[in-house]
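Just below is one structure, and these are the notes that go with it.
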Amino acid sequence: MAHTKDIVYGLYNDEEDLLRAVKKANEDHLEIMDVYTPFPVHGLDPLIGLSESRLHIAGFIYGAIGTLTAFGGMSWIFTRDWPQIFGGKPHWPVPAFIPITFELTVLFASIGMVVTFYVINGLGPGVVNPTIDLRITDDKFCIAFDKSEVNAGKAESFLRSSGASEVHSKTI
Amino acid sequence: MTYDLTSKTRITLIAGMLVGLLCLAFVWMGDDSFHTRFWGNILHNATFFTGIGLMAAFFMSVSITAWAGWYVAFKRVWEAMSLFLIVGCVLILILGLATFFDLHHLYHWNMEGIAEVGNPNYDRIIAGKAGFLNKGVYLIGSMVLMAIWTFIVIRIRALSIAEEKHGSLNDFSYHYSMRKYAAAFLPLAGFGSAFVVWQWIMSIDAHWYSTMFAWYTGASWFVSMIALTIMILLFLKSQGFYQNVSVEHFHDLGKFLFAFSIFWTYVWFSQYMLIWYANVGEETIYFRERVDNYPALFWINILINFIAPFFILMRNDTKRKMGSLGFVAGLVLVGHWIDFFLMIRPGIRHTAHEALGHGHGHGDAHGGHGHEAAHDVAHGAGHGAHEAAHEVAHHASGLPFELGFTFPGILEFGTFIGFLCLFLYFVLNRVASASLSSDTDPYIQESIHHHT
């Protein structure tokens, strides 16, 4: 790994404790490195300063590309490239295109969003991401501080006083 | 906290109802001898608003059955909307009796001797459906269903009021009782709504049928119900009530408005595409008629019931801003009323023309049914050559513009406003008759802290 971080983190048993602790850290001007939870916690995003995701805008654009690909593609094929008559319908049977256009819109939007999500988050096959504590994917809620950003002793005492059930240090 | 129906609101709504009555009176005066436009207006608005009440009851039952809690803060609004089925009973009774005693000619199947072999009015296709499409089933069937629905809705409301008086936060006993009624209501509303839709609306085009029609109409009702819920809640909030109904609740209602607009489009389009693709004469006549003679309404329908809600409500923040949400709610409410206009008016126009003995009306109603050609020729022989020629010329130029039939006129919109005010008056009156939200509903805390 290019560079490592020395971190100190606390594990909480409940998301309510976590939310209270994050609020308190903000009041104490302690710079939180990151928060890890086993499931999305309502109201957490604005507290740790995350802005609204722009993934759905990308999704809309991918979807629109899918719409144009399907509709434009079929229109070109059936009117210019290889006109055929199916069941006595015109060469440009718009209602018959709608289901396929819908399918390709969904396909492009979903695949595009998955790929974008993986690329932005540095995920994908073969990528190893450090896991702070295995239990943060199960039942623990974690607040982590970077020791180069905050005073380690101050962070530890904050974690203990705000109700963390465990406090550990680690190099990741 | 209890809502108080102020005299100002009361007077405004009563004025709206009077406008509706006045418009109906004007329609009655300038009408044909069967008062087709008048009865068309009654049928159109009565079914539209009764269906909205039915869908409120349906969605409430779904929520009760599924242990949903998010809506509980404003559940009184849905209870009040579902109680509109009581008024619906009266409206449908009027329609049923008028059908029974031949006071109008909205339904082709209701013509004298239509199922009687040898009668000049005999129609082979409709005779085959006479077991379902007849005066008795129309009146008795509709009224029995309406009575059962209304009974369940009143019981759920009574239990909800009793829960507030005698229940407590941890007491689910009232909820369990409500749940039994709600669970019984679901299949009754599911199958029953198809029955009434076929009877009240689809049977106007008696030769035609579509297996998707009940879904399509039901989706139309559902979207209108959500739109009216949003508008009633916005009104009550603007009056200073329902402060615990937050932007989160509106966000979810907005999602329902968005999602069910798409569902409506899905069913509408599926019905259209299957008929277009199969290209069977007896099915295509329905859309041929509407695309050729009602093109503006046909495309407006798609524009304001699909394109507008789809693109406006797609973003997160437009569902959370009351301006955009309220605008779309009002738009699709009118949009689905226009949708009902398109379902009802073309058919009753033909039936009326036929009943009045206009040659072209008759020709239009039958012309599309290829397998009936022999019958038509035999039947049409009496009409004479010049009428046949007239019919050809008539087809070439399309139907003449006729206010109230090919396009909703001022009087139609006035009647709509009258019925809307009747609906709102009744609903707000019921909302005012109980406290706005129950503090003892087991789900009230979940609802107040609802977060999307």
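Residues are named by chain letter and number: chains run A, B, ... in the order of the structure tokens, numbers start at 1 in each chain, and ligands are numbered from 1 in the order shown.
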(Q) According to DSSP computed on the backbone, where in stretch 86-254 of chain B is there alpha helix (DSSP H)? Give the residues as a PyMOL selection string. (A) chain B and resi 86-100+124-128+135-136+142-166+173-200+213-238+247-254
Q) Excluding same-chain residues fewer than 2 positions from A:Ala155, what lies within 12 Å of it counting only C-alpha atoms, as a VMD selection string? A) chain A and resid 7 to 10 21 24 to 25 28 to 33 143 to 153 157 to 162 164 167 to 169
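Within 8 Å of B:Ile417, once only C-alpha atoms are used and residues closer than 6 positions along the same chain are dropped, the contacting residues are B:Gly16, B:Met17, B:Val19, B:Gly20.
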Would you mind exporting N, CA, C and O atoms of the selected residues as an mmCIF file, in the first residue's frame?
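File produced: out_21.cif:
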data_model
loop_
_atom_site.group_PDB
_atom_site.id
_atom_site.type_symbol
_atom_site.label_atom_id
_atom_site.label_comp_id
_atom_site.auth_asym_id
_atom_site.auth_seq_id
_atom_site.Cartn_x
_atom_site.Cartn_y
_atom_site.Cartn_z
ATOM 1 N N GLY B 16 -69.037 26.395 -4.815
ATOM 2 C CA GLY B 16 -68.551 25.501 -5.866
ATOM 3 C C GLY B 16 -69.599 24.475 -6.250
ATOM 4 O O GLY B 16 -69.813 24.191 -7.434
ATOM 5 N N MET B 17 -70.273 23.918 -5.234
ATOM 6 C CA MET B 17 -71.327 22.939 -5.516
ATOM 7 C C MET B 17 -72.473 23.583 -6.303
ATOM 8 O O MET B 17 -73.035 22.965 -7.208
ATOM 9 N N VAL B 19 -72.207 26.107 -8.332
ATOM 10 C CA VAL B 19 -71.717 26.260 -9.705
ATOM 11 C C VAL B 19 -71.941 24.960 -10.464
ATOM 12 O O VAL B 19 -72.432 24.949 -11.605
ATOM 13 N N GLY B 20 -71.614 23.843 -9.805
ATOM 14 C CA GLY B 20 -71.809 22.541 -10.434
ATOM 15 C C GLY B 20 -73.266 22.291 -10.785
ATOM 16 O O GLY B 20 -73.584 21.861 -11.903
#
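By chain and then residue number, the residues within 10 Å of B:Lys180 are Ser61, Ile64, Thr65, Ile152, Ile156, His175, Tyr176, Ser177, Ala183, Ala184 and Phe185 of chain B, counting only C-alpha atoms and disregarding those fewer than 3 positions away in sequence.
In chain B, the set of residues within 10 Å of chain A (atoms considered: only C-alpha atoms) is Tyr266, Phe269, Ser270, Tyr272, Met273, Leu274, Trp276, Tyr277, Ala278, Asn279, Met314, Arg315, Asn316, His451 and Thr452 of chain B.
With only C-alpha atoms as the atoms that count, the minimum distance from B:Leu236 to the choices B:Ser160, B:Ser210, B:Thr50, B:Thr9 is reached by B:Thr9.
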